[in-house]
Each structure stands twice: as C-alpha cells, then as structure tokens.
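Peer 1: My structure is in work07.pdb, and what it holds is PDB, C-alpha atoms and all ligand atoms:
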ATOM      1  CA  MET M   1       0.000   0.000   0.000  1.00  0.00           C
ATOM      2  CA  ASN M   2       1.183   3.476  -0.865  1.00  0.00           C
ATOM      3  CA  LEU M   3      -1.156   5.848   0.972  1.00  0.00           C
ATOM      4  CA  PRO M   4      -1.309   9.642   0.641  1.00  0.00           C
ATOM      5  CA  PRO M   5       0.161  12.144   1.164  1.00  0.00           C
ATOM      6  CA  TYR M   6       2.712  11.891  -1.658  1.00  0.00           C
ATOM      7  CA  GLN M   7       5.830  13.972  -2.202  1.00  0.00           C
ATOM      8  CA  ASP M   8       4.065  15.698  -5.124  1.00  0.00           C
ATOM      9  CA  PHE M   9       0.287  15.779  -5.404  1.00  0.00           C
ATOM     10  CA  PRO M  10      -0.556  13.238  -8.158  1.00  0.00           C
ATOM     11  CA  LEU M  11      -1.186  14.941 -11.494  1.00  0.00           C
ATOM     12  CA  ILE M  12      -2.540  12.477 -14.039  1.00  0.00           C
ATOM     13  CA  SER M  13      -3.948  12.991 -17.492  1.00  0.00           C
ATOM     14  CA  ASP M  14      -5.107  11.513 -20.768  1.00  0.00           C
ATOM     15  CA  ASN M  15      -5.842  13.343 -24.015  1.00  0.00           C
ATOM     16  CA  LYS M  16      -9.128  14.877 -22.769  1.00  0.00           C
ATOM     17  CA  ILE M  17      -8.709  15.740 -19.080  1.00  0.00           C
ATOM     18  CA  ARG M  18      -6.198  16.149 -16.310  1.00  0.00           C
ATOM     19  CA  LEU M  19      -6.724  15.321 -12.645  1.00  0.00           C
ATOM     20  CA  ARG M  20      -4.965  17.871 -10.451  1.00  0.00           C
ATOM     21  CA  GLN M  21      -4.985  19.350  -6.970  1.00  0.00           C
ATOM     22  CA  VAL M  22      -7.887  21.688  -6.157  1.00  0.00           C
ATOM     23  CA  ILE M  23      -6.659  25.165  -5.212  1.00  0.00           C
ATOM     24  CA  THR M  24      -8.360  28.106  -3.481  1.00  0.00           C
ATOM     25  CA  SER M  25      -8.861  29.999  -6.746  1.00  0.00           C
ATOM     26  CA  ASP M  26     -11.036  27.095  -8.019  1.00  0.00           C
ATOM     27  CA  MET M  27     -13.592  27.501  -5.254  1.00  0.00           C
ATOM     28  CA  ASN M  28     -15.687  30.090  -7.044  1.00  0.00           C
ATOM     29  CA  ASP M  29     -16.130  27.749 -10.017  1.00  0.00           C
ATOM     30  CA  LEU M  30     -16.676  24.714  -7.785  1.00  0.00           C
ATOM     31  CA  LEU M  31     -19.121  26.273  -5.294  1.00  0.00           C
ATOM     32  CA  GLU M  32     -22.151  24.559  -6.829  1.00  0.00           C
ATOM     33  CA  ILE M  33     -20.547  21.130  -6.313  1.00  0.00           C
ATOM     34  CA  SER M  34     -18.667  21.752  -3.051  1.00  0.00           C
ATOM     35  CA  TYR M  35     -19.678  19.221  -0.409  1.00  0.00           C
ATOM     36  CA  TYR M  36     -18.191  17.794   2.772  1.00  0.00           C
ATOM     37  CA  ASP M  37     -19.884  15.039   4.782  1.00  0.00           C
ATOM     38  CA  ALA M  38     -22.850  15.268   2.369  1.00  0.00           C
ATOM     39  CA  LYS M  39     -23.367  18.937   3.323  1.00  0.00           C
ATOM     40  CA  GLN M  40     -23.239  21.509   0.524  1.00  0.00           C
ATOM     41  CA  ALA M  41     -21.293  24.766   0.905  1.00  0.00           C
ATOM     42  CA  LYS M  42     -23.563  27.818   0.976  1.00  0.00           C
ATOM     43  CA  ASN M  43     -20.900  30.314  -0.077  1.00  0.00           C
ATOM     44  CA  VAL M  44     -17.280  30.497  -1.224  1.00  0.00           C
ATOM     45  CA  ALA M  45     -15.967  30.997   2.343  1.00  0.00           C
ATOM     46  CA  GLU M  46     -17.683  27.784   3.423  1.00  0.00           C
ATOM     47  CA  ALA M  47     -16.367  25.973   0.330  1.00  0.00           C
ATOM     48  CA  ILE M  48     -12.816  27.093   1.243  1.00  0.00           C
ATOM     49  CA  GLU M  49     -13.296  25.789   4.803  1.00  0.00           C
ATOM     50  CA  MET M  50     -14.506  22.473   3.404  1.00  0.00           C
ATOM     51  CA  GLN M  51     -11.518  22.293   1.062  1.00  0.00           C
ATOM     52  CA  ALA M  52      -9.223  22.763   4.096  1.00  0.00           C
ATOM     53  CA  LYS M  53     -10.872  19.710   5.710  1.00  0.00           C
ATOM     54  CA  ILE M  54     -10.438  17.755   2.468  1.00  0.00           C
ATOM     55  CA  ASP M  55      -6.749  18.754   2.382  1.00  0.00           C
ATOM     56  CA  LYS M  56      -6.358  17.610   6.024  1.00  0.00           C
ATOM     57  CA  ASP M  57      -7.946  14.237   5.155  1.00  0.00           C
ATOM     58  CA  TYR M  58      -5.383  13.882   2.333  1.00  0.00           C
ATOM     59  CA  ASP M  59      -2.515  14.829   4.673  1.00  0.00           C
ATOM     60  CA  GLU M  60      -3.707  12.167   7.126  1.00  0.00           C
ATOM     61  CA  GLY M  61      -3.807   9.489   4.409  1.00  0.00           C
ATOM     62  CA  ASN M  62      -7.589   9.088   4.393  1.00  0.00           C
ATOM     63  CA  SER M  63      -8.562  10.504   1.021  1.00  0.00           C
ATOM     64  CA  ILE M  64      -7.486  11.962  -2.282  1.00  0.00           C
ATOM     65  CA  HIS M  65      -9.617  14.548  -4.066  1.00  0.00           C
ATOM     66  CA  TRP M  66      -8.829  15.752  -7.591  1.00  0.00           C
ATOM     67  CA  GLY M  67     -10.105  18.639  -9.636  1.00  0.00           C
ATOM     68  CA  ILE M  68     -10.937  17.575 -13.204  1.00  0.00           C
ATOM     69  CA  GLU M  69      -9.695  20.024 -15.823  1.00  0.00           C
ATOM     70  CA  ALA M  70     -10.645  19.889 -19.506  1.00  0.00           C
ATOM     71  CA  ILE M  71      -7.442  19.876 -21.580  1.00  0.00           C
ATOM     72  CA  SER M  72      -9.037  21.752 -24.492  1.00  0.00           C
ATOM     73  CA  THR M  73     -10.062  24.772 -22.362  1.00  0.00           C
ATOM     74  CA  ASN M  74      -8.083  24.438 -19.081  1.00  0.00           C
ATOM     75  CA  LYS M  75     -11.418  24.915 -17.277  1.00  0.00           C
ATOM     76  CA  ILE M  76     -12.279  22.949 -14.154  1.00  0.00           C
ATOM     77  CA  VAL M  77     -15.328  20.808 -14.922  1.00  0.00           C
ATOM     78  CA  GLY M  78     -15.763  18.734 -11.752  1.00  0.00           C
ATOM     79  CA  THR M  79     -14.098  16.713  -9.025  1.00  0.00           C
ATOM     80  CA  CYS M  80     -13.539  13.080  -8.164  1.00  0.00           C
ATOM     81  CA  GLY M  81     -11.555  11.030  -5.713  1.00  0.00           C
ATOM     82  CA  TYR M  82     -11.346   8.402  -3.017  1.00  0.00           C
ATOM     83  CA  TYR M  83     -13.025   9.456   0.190  1.00  0.00           C
ATOM     84  CA  ARG M  84     -13.016   6.414   2.537  1.00  0.00           C
ATOM     85  CA  GLY M  85     -11.513   3.009   3.084  1.00  0.00           C
ATOM     86  CA  LEU M  86      -7.896   3.599   2.042  1.00  0.00           C
ATOM     87  CA  ASP M  87      -6.526   2.335   5.370  1.00  0.00           C
ATOM     88  CA  LYS M  88      -8.188  -1.028   4.623  1.00  0.00           C
ATOM     89  CA  GLY M  89      -6.813  -1.251   1.091  1.00  0.00           C
ATOM     90  CA  GLU M  90     -10.156  -0.216  -0.396  1.00  0.00           C
ATOM     91  CA  GLY M  91     -11.470   3.033  -1.826  1.00  0.00           C
ATOM     92  CA  GLU M  92     -14.882   4.651  -2.052  1.00  0.00           C
ATOM     93  CA  LEU M  93     -14.861   6.518  -5.336  1.00  0.00           C
ATOM     94  CA  GLY M  94     -17.005   9.630  -5.602  1.00  0.00           C
ATOM     95  CA  CYS M  95     -17.435  12.139  -8.403  1.00  0.00           C
ATOM     96  CA  VAL M  96     -19.428  15.156  -9.491  1.00  0.00           C
ATOM     97  CA  LEU M  97     -19.477  17.318 -12.602  1.00  0.00           C
ATOM     98  CA  LEU M  98     -20.661  20.902 -12.827  1.00  0.00           C
ATOM     99  CA  PRO M  99     -24.068  20.641 -14.573  1.00  0.00           C
ATOM    100  CA  GLN M 100     -22.926  22.472 -17.729  1.00  0.00           C
ATOM    101  CA  PHE M 101     -20.193  19.866 -18.308  1.00  0.00           C
ATOM    102  CA  ARG M 102     -22.354  16.755 -18.024  1.00  0.00           C
ATOM    103  CA  GLY M 103     -23.088  14.596 -21.071  1.00  0.00           C
ATOM    104  CA  GLN M 104     -19.682  15.186 -22.718  1.00  0.00           C
ATOM    105  CA  GLY M 105     -17.732  12.171 -21.496  1.00  0.00           C
ATOM    106  CA  PHE M 106     -15.482  13.970 -19.001  1.00  0.00           C
ATOM    107  CA  MET M 107     -16.285  11.739 -16.033  1.00  0.00           C
ATOM    108  CA  VAL M 108     -15.757   8.360 -17.650  1.00  0.00           C
ATOM    109  CA  ASN M 109     -12.204   9.462 -18.482  1.00  0.00           C
ATOM    110  CA  ALA M 110     -11.667  10.949 -15.006  1.00  0.00           C
ATOM    111  CA  MET M 111     -12.898   7.817 -13.234  1.00  0.00           C
ATOM    112  CA  GLN M 112     -10.747   5.604 -15.459  1.00  0.00           C
ATOM    113  CA  LEU M 113      -7.657   7.613 -14.496  1.00  0.00           C
ATOM    114  CA  ALA M 114      -8.624   7.531 -10.798  1.00  0.00           C
ATOM    115  CA  ILE M 115      -9.276   3.765 -10.969  1.00  0.00           C
ATOM    116  CA  ASN M 116      -5.904   3.073 -12.597  1.00  0.00           C
ATOM    117  CA  PHE M 117      -4.192   5.261  -9.995  1.00  0.00           C
ATOM    118  CA  GLY M 118      -6.043   3.522  -7.142  1.00  0.00           C
ATOM    119  CA  LEU M 119      -5.204   0.017  -8.319  1.00  0.00           C
ATOM    120  CA  LYS M 120      -1.639   0.587  -9.532  1.00  0.00           C
ATOM    121  CA  ASN M 121      -0.282   3.388  -7.343  1.00  0.00           C
ATOM    122  CA  ILE M 122      -2.214   3.192  -4.081  1.00  0.00           C
ATOM    123  CA  GLY M 123      -2.486  -0.611  -4.297  1.00  0.00           C
ATOM    124  CA  LEU M 124      -6.231  -0.891  -3.659  1.00  0.00           C
ATOM    125  CA  LYS M 125      -7.797  -4.350  -3.791  1.00  0.00           C
ATOM    126  CA  ARG M 126     -11.343  -3.107  -4.180  1.00  0.00           C
ATOM    127  CA  ILE M 127     -13.061   0.079  -5.276  1.00  0.00           C
ATOM    128  CA  TRP M 128     -16.674   0.827  -4.490  1.00  0.00           C
ATOM    129  CA  ALA M 129     -19.230   3.554  -5.161  1.00  0.00           C
ATOM    130  CA  ILE M 130     -22.622   4.301  -3.676  1.00  0.00           C
ATOM    131  CA  THR M 131     -25.438   5.943  -5.570  1.00  0.00           C
ATOM    132  CA  SER M 132     -29.195   6.216  -5.346  1.00  0.00           C
ATOM    133  CA  LYS M 133     -31.348   3.847  -7.403  1.00  0.00           C
ATOM    134  CA  GLN M 134     -32.812   6.822  -9.249  1.00  0.00           C
ATOM    135  CA  ASN M 135     -29.420   8.194 -10.332  1.00  0.00           C
ATOM    136  CA  ASN M 136     -29.429   6.808 -13.871  1.00  0.00           C
ATOM    137  CA  GLN M 137     -26.418   8.812 -15.063  1.00  0.00           C
ATOM    138  CA  ALA M 138     -24.271   7.562 -12.168  1.00  0.00           C
ATOM    139  CA  ILE M 139     -25.422   3.974 -12.741  1.00  0.00           C
ATOM    140  CA  LYS M 140     -24.635   4.212 -16.481  1.00  0.00           C
ATOM    141  CA  LEU M 141     -21.223   5.651 -15.638  1.00  0.00           C
ATOM    142  CA  LEU M 142     -20.386   2.885 -13.162  1.00  0.00           C
ATOM    143  CA  GLU M 143     -21.569   0.147 -15.510  1.00  0.00           C
ATOM    144  CA  ARG M 144     -19.512   1.629 -18.368  1.00  0.00           C
ATOM    145  CA  LEU M 145     -16.505   1.310 -16.058  1.00  0.00           C
ATOM    146  CA  ASN M 146     -17.291  -2.395 -15.350  1.00  0.00           C
ATOM    147  CA  PHE M 147     -18.532  -1.870 -11.807  1.00  0.00           C
ATOM    148  CA  ILE M 148     -20.931  -4.609 -10.704  1.00  0.00           C
ATOM    149  CA  LYS M 149     -23.975  -4.019  -8.507  1.00  0.00           C
ATOM    150  CA  LEU M 150     -23.099  -5.482  -5.119  1.00  0.00           C
ATOM    151  CA  THR M 151     -25.986  -4.777  -2.788  1.00  0.00           C
ATOM    152  CA  ASP M 152     -29.082  -2.716  -2.081  1.00  0.00           C
ATOM    153  CA  LEU M 153     -28.637  -0.369   0.858  1.00  0.00           C
ATOM    154  CA  PRO M 154     -31.184   1.471   3.013  1.00  0.00           C
ATOM    155  CA  ASP M 155     -32.662   4.752   1.730  1.00  0.00           C
ATOM    156  CA  ASP M 156     -32.883   3.583  -1.892  1.00  0.00           C
ATOM    157  CA  GLU M 157     -29.122   3.449  -2.331  1.00  0.00           C
ATOM    158  CA  ILE M 158     -27.044   0.814  -4.141  1.00  0.00           C
ATOM    159  CA  GLU M 159     -23.413  -0.181  -3.714  1.00  0.00           C
ATOM    160  CA  TYR M 160     -21.377  -0.955  -6.833  1.00  0.00           C
ATOM    161  CA  GLU M 161     -17.913  -2.458  -6.760  1.00  0.00           C
ATOM    162  CA  LEU M 162     -14.916  -3.024  -8.971  1.00  0.00           C
ATOM    163  CA  LYS M 163     -12.460  -5.733  -8.027  1.00  0.00           C
ATOM    164  CA  LYS M 164      -8.869  -5.726  -9.182  1.00  0.00           C
ATOM    165  CA  SER M 165      -9.334  -9.290 -10.421  1.00  0.00           C
ATOM    166  CA  ARG M 166     -11.939  -8.037 -12.921  1.00  0.00           C
ATOM    167  CA  ARG M 167      -9.378  -5.735 -14.509  1.00  0.00           C
ATOM    168  CA  LYS M 168      -7.389  -8.018 -16.810  1.00  0.00           C
ATOM    169  CA  ASP M 169      -5.301  -5.072 -18.096  1.00  0.00           C
ATOM    170  CA  LEU M 170      -3.790  -4.330 -14.673  1.00  0.00           C
TER     171      LEU M 170
HETATM  172  C1  LIG M 201     -22.750  11.070 -12.320  1.00  0.00           C
HETATM  173  C2  LIG M 201     -22.264  12.125 -13.297  1.00  0.00           C
HETATM  174  C3  LIG M 201     -20.825  12.504 -12.973  1.00  0.00           C
HETATM  175  C4  LIG M 201     -22.335  11.523 -14.696  1.00  0.00           C
HETATM  176  O1  LIG M 201     -22.057  12.538 -15.633  1.00  0.00           O
HETATM  177  P1  LIG M 201     -22.092  12.229 -17.197  1.00  0.00           P
HETATM  178  O2  LIG M 201     -21.926  13.521 -17.881  1.00  0.00           O
HETATM  179  O3  LIG M 201     -23.291  11.405 -17.520  1.00  0.00           O
HETATM  180  O4  LIG M 201     -20.825  11.291 -17.402  1.00  0.00           O
HETATM  181  P2  LIG M 201     -19.663  11.456 -18.473  1.00  0.00           P
HETATM  182  O5  LIG M 201     -18.950  12.743 -18.269  1.00  0.00           O
HETATM  183  O6  LIG M 201     -18.887  10.210 -18.412  1.00  0.00           O
HETATM  184  O7  LIG M 201     -20.450  11.576 -19.842  1.00  0.00           O
HETATM  185  C5  LIG M 201     -21.098  10.460 -20.390  1.00  0.00           C
HETATM  186  C6  LIG M 201     -22.237  10.937 -21.252  1.00  0.00           C
HETATM  187  O8  LIG M 201     -21.750  11.857 -22.234  1.00  0.00           O
HETATM  188  C7  LIG M 201     -22.092  11.397 -23.540  1.00  0.00           C
HETATM  189  N1  LIG M 201     -21.031  11.887 -24.447  1.00  0.00           N
HETATM  190  C8  LIG M 201     -21.179  12.937 -25.267  1.00  0.00           C
HETATM  191  N2  LIG M 201     -20.028  13.172 -25.910  1.00  0.00           N
HETATM  192  C9  LIG M 201     -19.136  12.242 -25.477  1.00  0.00           C
HETATM  193  C10 LIG M 201     -17.782  11.974 -25.794  1.00  0.00           C
HETATM  194  N3  LIG M 201     -17.109  12.732 -26.673  1.00  0.00           N
HETATM  195  N4  LIG M 201     -17.163  10.958 -25.180  1.00  0.00           N
HETATM  196  C11 LIG M 201     -17.824  10.187 -24.290  1.00  0.00           C
HETATM  197  N5  LIG M 201     -19.126  10.404 -23.965  1.00  0.00           N
HETATM  198  C12 LIG M 201     -19.765  11.420 -24.551  1.00  0.00           C
HETATM  199  C13 LIG M 201     -22.206   9.890 -23.381  1.00  0.00           C
HETATM  200  O9  LIG M 201     -23.002   9.313 -24.389  1.00  0.00           O
HETATM  201  C14 LIG M 201     -22.872   9.810 -22.023  1.00  0.00           C
HETATM  202  O10 LIG M 201     -24.242  10.074 -22.090  1.00  0.00           O
HETATM  203  P3  LIG M 201     -25.333   8.922 -21.744  1.00  0.00           P
HETATM  204  O11 LIG M 201     -24.961   8.369 -20.408  1.00  0.00           O
HETATM  205  O12 LIG M 201     -26.620   9.640 -21.756  1.00  0.00           O
HETATM  206  O13 LIG M 201     -25.136   7.900 -22.814  1.00  0.00           O
HETATM  207  C15 LIG M 201     -23.133  13.417 -13.251  1.00  0.00           C
HETATM  208  O14 LIG M 201     -24.466  13.063 -13.571  1.00  0.00           O
HETATM  209  C16 LIG M 201     -23.103  14.102 -11.884  1.00  0.00           C
HETATM  210  O15 LIG M 201     -22.200  14.884 -11.599  1.00  0.00           O
HETATM  211  N6  LIG M 201     -24.112  13.817 -11.050  1.00  0.00           N
HETATM  212  C17 LIG M 201     -24.165  14.354  -9.677  1.00  0.00           C
HETATM  213  C18 LIG M 201     -23.204  13.664  -8.732  1.00  0.00           C
HETATM  214  C19 LIG M 201     -23.351  12.157  -8.727  1.00  0.00           C
HETATM  215  O16 LIG M 201     -24.431  11.634  -8.868  1.00  0.00           O
HETATM  216  N7  LIG M 201     -22.235  11.451  -8.552  1.00  0.00           N
HETATM  217  C20 LIG M 201     -22.193   9.992  -8.628  1.00  0.00           C
HETATM  218  C21 LIG M 201     -21.786   9.365  -7.346  1.00  0.00           C
HETATM  219  S1  LIG M 201     -21.413   7.633  -7.608  1.00  0.00           S
END
Starting from the file, give its structure as structure tokens.
Ligand SMILES: CC(C)(COP(=O)(O)OP(=O)(O)OC[C@H]1O[C@@H](n2cnc3c(N)ncnc32)[C@H](O)[C@@H]1OP(=O)(O)O)[C@@H](O)C(=O)NCCC(=O)NCCS
Peer 2:
Amino acid sequence: MNLPPYQDFPLISDNKIRLRQVITSDMNDLLEISYYDAKQAKNVAEAIEMQAKIDKDYDEGNSIHWGIEAISTNKIVGTCGYYRGLDKGEGELGCVLLPQFRGQGFMVNAMQLAINFGLKNIGLKRIWAITSKQNNQAIKLLERLNFIKLTDLPDDEIEYELKKSRRKDL
C-alpha cells in the first residue's frame, strides 16, 4: 500500500482531461458542487473551509480529491476522488461534474484515471461507489466502467464495486 500524502500531489492525465490538486482559486467555479460530509457549501468561504478539511484528510492518508480540468479549455469541470476506506486497502470513489459539463464524457475518463491510480499506485484491492437507485447517469457511468452491482442499501441506495481481479489489463 502506498497511501497519501505523496511527495508531489498526483497529477494524471489523458488526451481529454487532467486530474490535479484543487486550489483556493477554483472555489468560485466549484461552489455549486462543493460538499463535505454530504453537506453543501452555501458560499465560497464555506467551500474554502470544506476544502481545508479535504486537504487535512489527504494529509492524514484518508482521502485523495482531484479537480478535473478539460485539456481543451483548461477549465475545471468537476471533481472526483477516493473518500473512505484507504486504510483497509479499499477506496470509495465519488465524483461530481458541474451541470454544464455533463453529457460530454469527461467523467468516464476521469474515473478511469482515478481507478488506474487507485489500483496501480495506491495498491487498492477493491473500489466501491454508492449511488441512489434513481441516479441513472451515475449507474450508467459505473456500468460503463465495469462496476458490478453489489448490494441494495437502506434509503434507496445501491453499492457498486470493482475488483482488481476483474481488470485483466492491470
Ligand atoms: C454522475 C455524473 C458525474 C455523470 O455525468 P455524465 O456527464 O453522464 O458522465 P460522463 O462525463 O462520463 O459523460 C457520459 C455521457 O456523455 C455522452 N457523451 C457525449 N459526448 C461524449 C464523448 N465525446 N465521449 C464520451 N461520452 C460522450 C455519453 O453518451 C454519455 O451520455 P449517456 O450516459 O446519456 O449515454 C453526473 O451526472 C453528476 O455529476 N451527477 C451528480 C453527482 C453524482 O451523482 N455522482 C455519482 C456518485 S457515484
């Protein structure tokens, strides 16, 4: 296992997006999708406070949160990362796109990069994601990435998982 924090914050990219550290000057753009502990930030100051907690979680080895930047425009379009489970060799993957950047294929690329990083660099054995049964776009995204439905949870939620053994390319 190779848990955060790392000497340099992991910057990873493909030909469409790059995953990079979120910085204070992003918070204005990210306000609409700034959450911590399922609570949404009401203003930029609160979003900055939340980002400080996210940075502390990274420094303590509990999470890694990336900003997703479109290569063609250098604009931040969303965030994704691992938010729980790293100490057990597992990772809960979460993601959100700003509404105006949905439906363009940014997240499938971002999740693929995060998955490869989780399996190869962190050394995760299992990756999971939780979504509500009504969240068709999240379900389509997870199924595109070869996640398998694992179990129904209370409150109309479902857990999906991806096991390293299902990834023949890794
Ligand atoms: C879940 C969420 C990230 C999915 O966003 P998304 O835009 O559907 O996902 P992608 O960025 O991968 O885009 C895929 C869509 O873009 C379309 N698309 C358009 N151009 C594309 C291109 N050049 N390349 C790939 N896909 C493209 C795909 O067909 C697909 O649409 P479809 O699912 O209707 O077929 C988004 O709905 C969201 O932020 N929701 C709120 C937070 C949330 O629910 N998070 C999930 C927690 S598990």
Peer 1: Excluding stretch 80-86 of chain M and any residue of its chain fewer than 2 positions from it, enumerate the residues within 10 Å of it, using only C-alpha atoms, and give them as a VMD selection string.
Peer 2: chain M and resid 1 to 4 19 37 54 57 to 58 61 to 68 78 88 to 97 107 110 to 111 114 to 115 118 122 to 129
Peer 1: Next, write the just-selected residues to a file, as a tab-separated table (two decimals), in the coordinates of the input, keeping C-alpha atoms as the atom set.
Peer 2:
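New file selection26.tsv:
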chain	number	residue	atom	x	y	z
M	1	MET	CA	0.00	0.00	0.00
M	2	ASN	CA	1.18	3.48	-0.86
M	3	LEU	CA	-1.16	5.85	0.97
M	4	PRO	CA	-1.31	9.64	0.64
M	19	LEU	CA	-6.72	15.32	-12.64
M	37	ASP	CA	-19.88	15.04	4.78
M	54	ILE	CA	-10.44	17.76	2.47
M	57	ASP	CA	-7.95	14.24	5.16
M	58	TYR	CA	-5.38	13.88	2.33
M	61	GLY	CA	-3.81	9.49	4.41
M	62	ASN	CA	-7.59	9.09	4.39
M	63	SER	CA	-8.56	10.50	1.02
M	64	ILE	CA	-7.49	11.96	-2.28
M	65	HIS	CA	-9.62	14.55	-4.07
M	66	TRP	CA	-8.83	15.75	-7.59
M	67	GLY	CA	-10.10	18.64	-9.64
M	68	ILE	CA	-10.94	17.58	-13.20
M	78	GLY	CA	-15.76	18.73	-11.75
M	88	LYS	CA	-8.19	-1.03	4.62
M	89	GLY	CA	-6.81	-1.25	1.09
M	90	GLU	CA	-10.16	-0.22	-0.40
M	91	GLY	CA	-11.47	3.03	-1.83
M	92	GLU	CA	-14.88	4.65	-2.05
M	93	LEU	CA	-14.86	6.52	-5.34
M	94	GLY	CA	-17.00	9.63	-5.60
M	95	CYS	CA	-17.43	12.14	-8.40
M	96	VAL	CA	-19.43	15.16	-9.49
M	97	LEU	CA	-19.48	17.32	-12.60
M	107	MET	CA	-16.28	11.74	-16.03
M	110	ALA	CA	-11.67	10.95	-15.01
M	111	MET	CA	-12.90	7.82	-13.23
M	114	ALA	CA	-8.62	7.53	-10.80
M	115	ILE	CA	-9.28	3.76	-10.97
M	118	GLY	CA	-6.04	3.52	-7.14
M	122	ILE	CA	-2.21	3.19	-4.08
M	123	GLY	CA	-2.49	-0.61	-4.30
M	124	LEU	CA	-6.23	-0.89	-3.66
M	125	LYS	CA	-7.80	-4.35	-3.79
M	126	ARG	CA	-11.34	-3.11	-4.18
M	127	ILE	CA	-13.06	0.08	-5.28
M	128	TRP	CA	-16.67	0.83	-4.49
M	129	ALA	CA	-19.23	3.55	-5.16
Peer 1: Enumerate residues in contact with ligand LIG 201 (chain M): an atom-to-atom distance of at most 7 Å, counting all atoms listed in the file. Format the result as a CSV table (one decimal) with C-alpha atoms, in the frame of the given file.
Peer 2:
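As a result, pocket16.csv now contains:
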chain,number,residue,atom,x,y,z
M,94,GLY,CA,-17.0,9.6,-5.6
M,95,CYS,CA,-17.4,12.1,-8.4
M,96,VAL,CA,-19.4,15.2,-9.5
M,97,LEU,CA,-19.5,17.3,-12.6
M,98,LEU,CA,-20.7,20.9,-12.8
M,99,PRO,CA,-24.1,20.6,-14.6
M,101,PHE,CA,-20.2,19.9,-18.3
M,102,ARG,CA,-22.4,16.8,-18.0
M,103,GLY,CA,-23.1,14.6,-21.1
M,104,GLN,CA,-19.7,15.2,-22.7
M,105,GLY,CA,-17.7,12.2,-21.5
M,106,PHE,CA,-15.5,14.0,-19.0
M,107,MET,CA,-16.3,11.7,-16.0
M,108,VAL,CA,-15.8,8.4,-17.6
M,109,ASN,CA,-12.2,9.5,-18.5
M,129,ALA,CA,-19.2,3.6,-5.2
M,130,ILE,CA,-22.6,4.3,-3.7
M,131,THR,CA,-25.4,5.9,-5.6
M,135,ASN,CA,-29.4,8.2,-10.3
M,137,GLN,CA,-26.4,8.8,-15.1
M,138,ALA,CA,-24.3,7.6,-12.2
M,140,LYS,CA,-24.6,4.2,-16.5
M,141,LEU,CA,-21.2,5.7,-15.6
Peer 1: Given all atoms listed in the file as the basis, pick out the residue of M:Asn28, M:Gln7, M:Gln100, M:Asn74 nearest to M:Asp59.
Peer 2: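 Of M:Asn28, M:Gln7, M:Gln100, M:Asn74, the one nearest M:Asp59, counting all atoms listed in the file, is M:Gln7.
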Peer 1: Could you spell out the hits of the PyMOL selection byres (((chain M and resi 35) around 10) and not hetatm) on the shown file, as a list in words?
Peer 2: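 Against this file, the PyMOL selection byres (((chain M and resi 35) around 10) and not hetatm) returns the residues Leu30, Leu31, Glu32, Ile33, Ser34, Tyr36, Asp37, Ala38, Lys39, Gln40, Ala41, Lys42, Glu46, Ala47, Met50, Gln51, Ile54 and Val96 of chain M.
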Peer 1: Now that the selection is made, can you save its residues with C-alpha atoms as a compact mmCIF listing (two decimals), keeping the file's coordinate frame?
Peer 2:
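Generated output (result_32.txt):
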# COMPACT_ATOMS: atom_id res chain seq x y z
CA LEU M 30 -16.68 24.71 -7.78
CA LEU M 31 -19.12 26.27 -5.29
CA GLU M 32 -22.15 24.56 -6.83
CA ILE M 33 -20.55 21.13 -6.31
CA SER M 34 -18.67 21.75 -3.05
CA TYR M 36 -18.19 17.79 2.77
CA ASP M 37 -19.88 15.04 4.78
CA ALA M 38 -22.85 15.27 2.37
CA LYS M 39 -23.37 18.94 3.32
CA GLN M 40 -23.24 21.51 0.52
CA ALA M 41 -21.29 24.77 0.90
CA LYS M 42 -23.56 27.82 0.98
CA GLU M 46 -17.68 27.78 3.42
CA ALA M 47 -16.37 25.97 0.33
CA MET M 50 -14.51 22.47 3.40
CA GLN M 51 -11.52 22.29 1.06
CA ILE M 54 -10.44 17.76 2.47
CA VAL M 96 -19.43 15.16 -9.49
Peer 1: Report, in Å to a single decimal, how far apart atom CA of M:Tyr6 and atom CA of M:Ala52 are.
Peer 2: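 Pair atom CA of M:Ala52 / atom CA of M:Tyr6 returns 17.1 Å.
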Peer 1: Will you give me stretch 82-120 of chain M, written with C-alpha atoms and laid out as a PDB file, in the first residue's frame?
Peer 2:
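Final file, out_9.pdb:
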ATOM      1  CA  TYR M  82     -11.346   8.402  -3.017  1.00  0.00           C
ATOM      2  CA  TYR M  83     -13.025   9.456   0.190  1.00  0.00           C
ATOM      3  CA  ARG M  84     -13.016   6.414   2.537  1.00  0.00           C
ATOM      4  CA  GLY M  85     -11.513   3.009   3.084  1.00  0.00           C
ATOM      5  CA  LEU M  86      -7.896   3.599   2.042  1.00  0.00           C
ATOM      6  CA  ASP M  87      -6.526   2.335   5.370  1.00  0.00           C
ATOM      7  CA  LYS M  88      -8.188  -1.028   4.623  1.00  0.00           C
ATOM      8  CA  GLY M  89      -6.813  -1.251   1.091  1.00  0.00           C
ATOM      9  CA  GLU M  90     -10.156  -0.216  -0.396  1.00  0.00           C
ATOM     10  CA  GLY M  91     -11.470   3.033  -1.826  1.00  0.00           C
ATOM     11  CA  GLU M  92     -14.882   4.651  -2.052  1.00  0.00           C
ATOM     12  CA  LEU M  93     -14.861   6.518  -5.336  1.00  0.00           C
ATOM     13  CA  GLY M  94     -17.005   9.630  -5.602  1.00  0.00           C
ATOM     14  CA  CYS M  95     -17.435  12.139  -8.403  1.00  0.00           C
ATOM     15  CA  VAL M  96     -19.428  15.156  -9.491  1.00  0.00           C
ATOM     16  CA  LEU M  97     -19.477  17.318 -12.602  1.00  0.00           C
ATOM     17  CA  LEU M  98     -20.661  20.902 -12.827  1.00  0.00           C
ATOM     18  CA  PRO M  99     -24.068  20.641 -14.573  1.00  0.00           C
ATOM     19  CA  GLN M 100     -22.926  22.472 -17.729  1.00  0.00           C
ATOM     20  CA  PHE M 101     -20.193  19.866 -18.308  1.00  0.00           C
ATOM     21  CA  ARG M 102     -22.354  16.755 -18.024  1.00  0.00           C
ATOM     22  CA  GLY M 103     -23.088  14.596 -21.071  1.00  0.00           C
ATOM     23  CA  GLN M 104     -19.682  15.186 -22.718  1.00  0.00           C
ATOM     24  CA  GLY M 105     -17.732  12.171 -21.496  1.00  0.00           C
ATOM     25  CA  PHE M 106     -15.482  13.970 -19.001  1.00  0.00           C
ATOM     26  CA  MET M 107     -16.285  11.739 -16.033  1.00  0.00           C
ATOM     27  CA  VAL M 108     -15.757   8.360 -17.650  1.00  0.00           C
ATOM     28  CA  ASN M 109     -12.204   9.462 -18.482  1.00  0.00           C
ATOM     29  CA  ALA M 110     -11.667  10.949 -15.006  1.00  0.00           C
ATOM     30  CA  MET M 111     -12.898   7.817 -13.234  1.00  0.00           C
ATOM     31  CA  GLN M 112     -10.747   5.604 -15.459  1.00  0.00           C
ATOM     32  CA  LEU M 113      -7.657   7.613 -14.496  1.00  0.00           C
ATOM     33  CA  ALA M 114      -8.624   7.531 -10.798  1.00  0.00           C
ATOM     34  CA  ILE M 115      -9.276   3.765 -10.969  1.00  0.00           C
ATOM     35  CA  ASN M 116      -5.904   3.073 -12.597  1.00  0.00           C
ATOM     36  CA  PHE M 117      -4.192   5.261  -9.995  1.00  0.00           C
ATOM     37  CA  GLY M 118      -6.043   3.522  -7.142  1.00  0.00           C
ATOM     38  CA  LEU M 119      -5.204   0.017  -8.319  1.00  0.00           C
ATOM     39  CA  LYS M 120      -1.639   0.587  -9.532  1.00  0.00           C
TER      40      LYS M 120
END
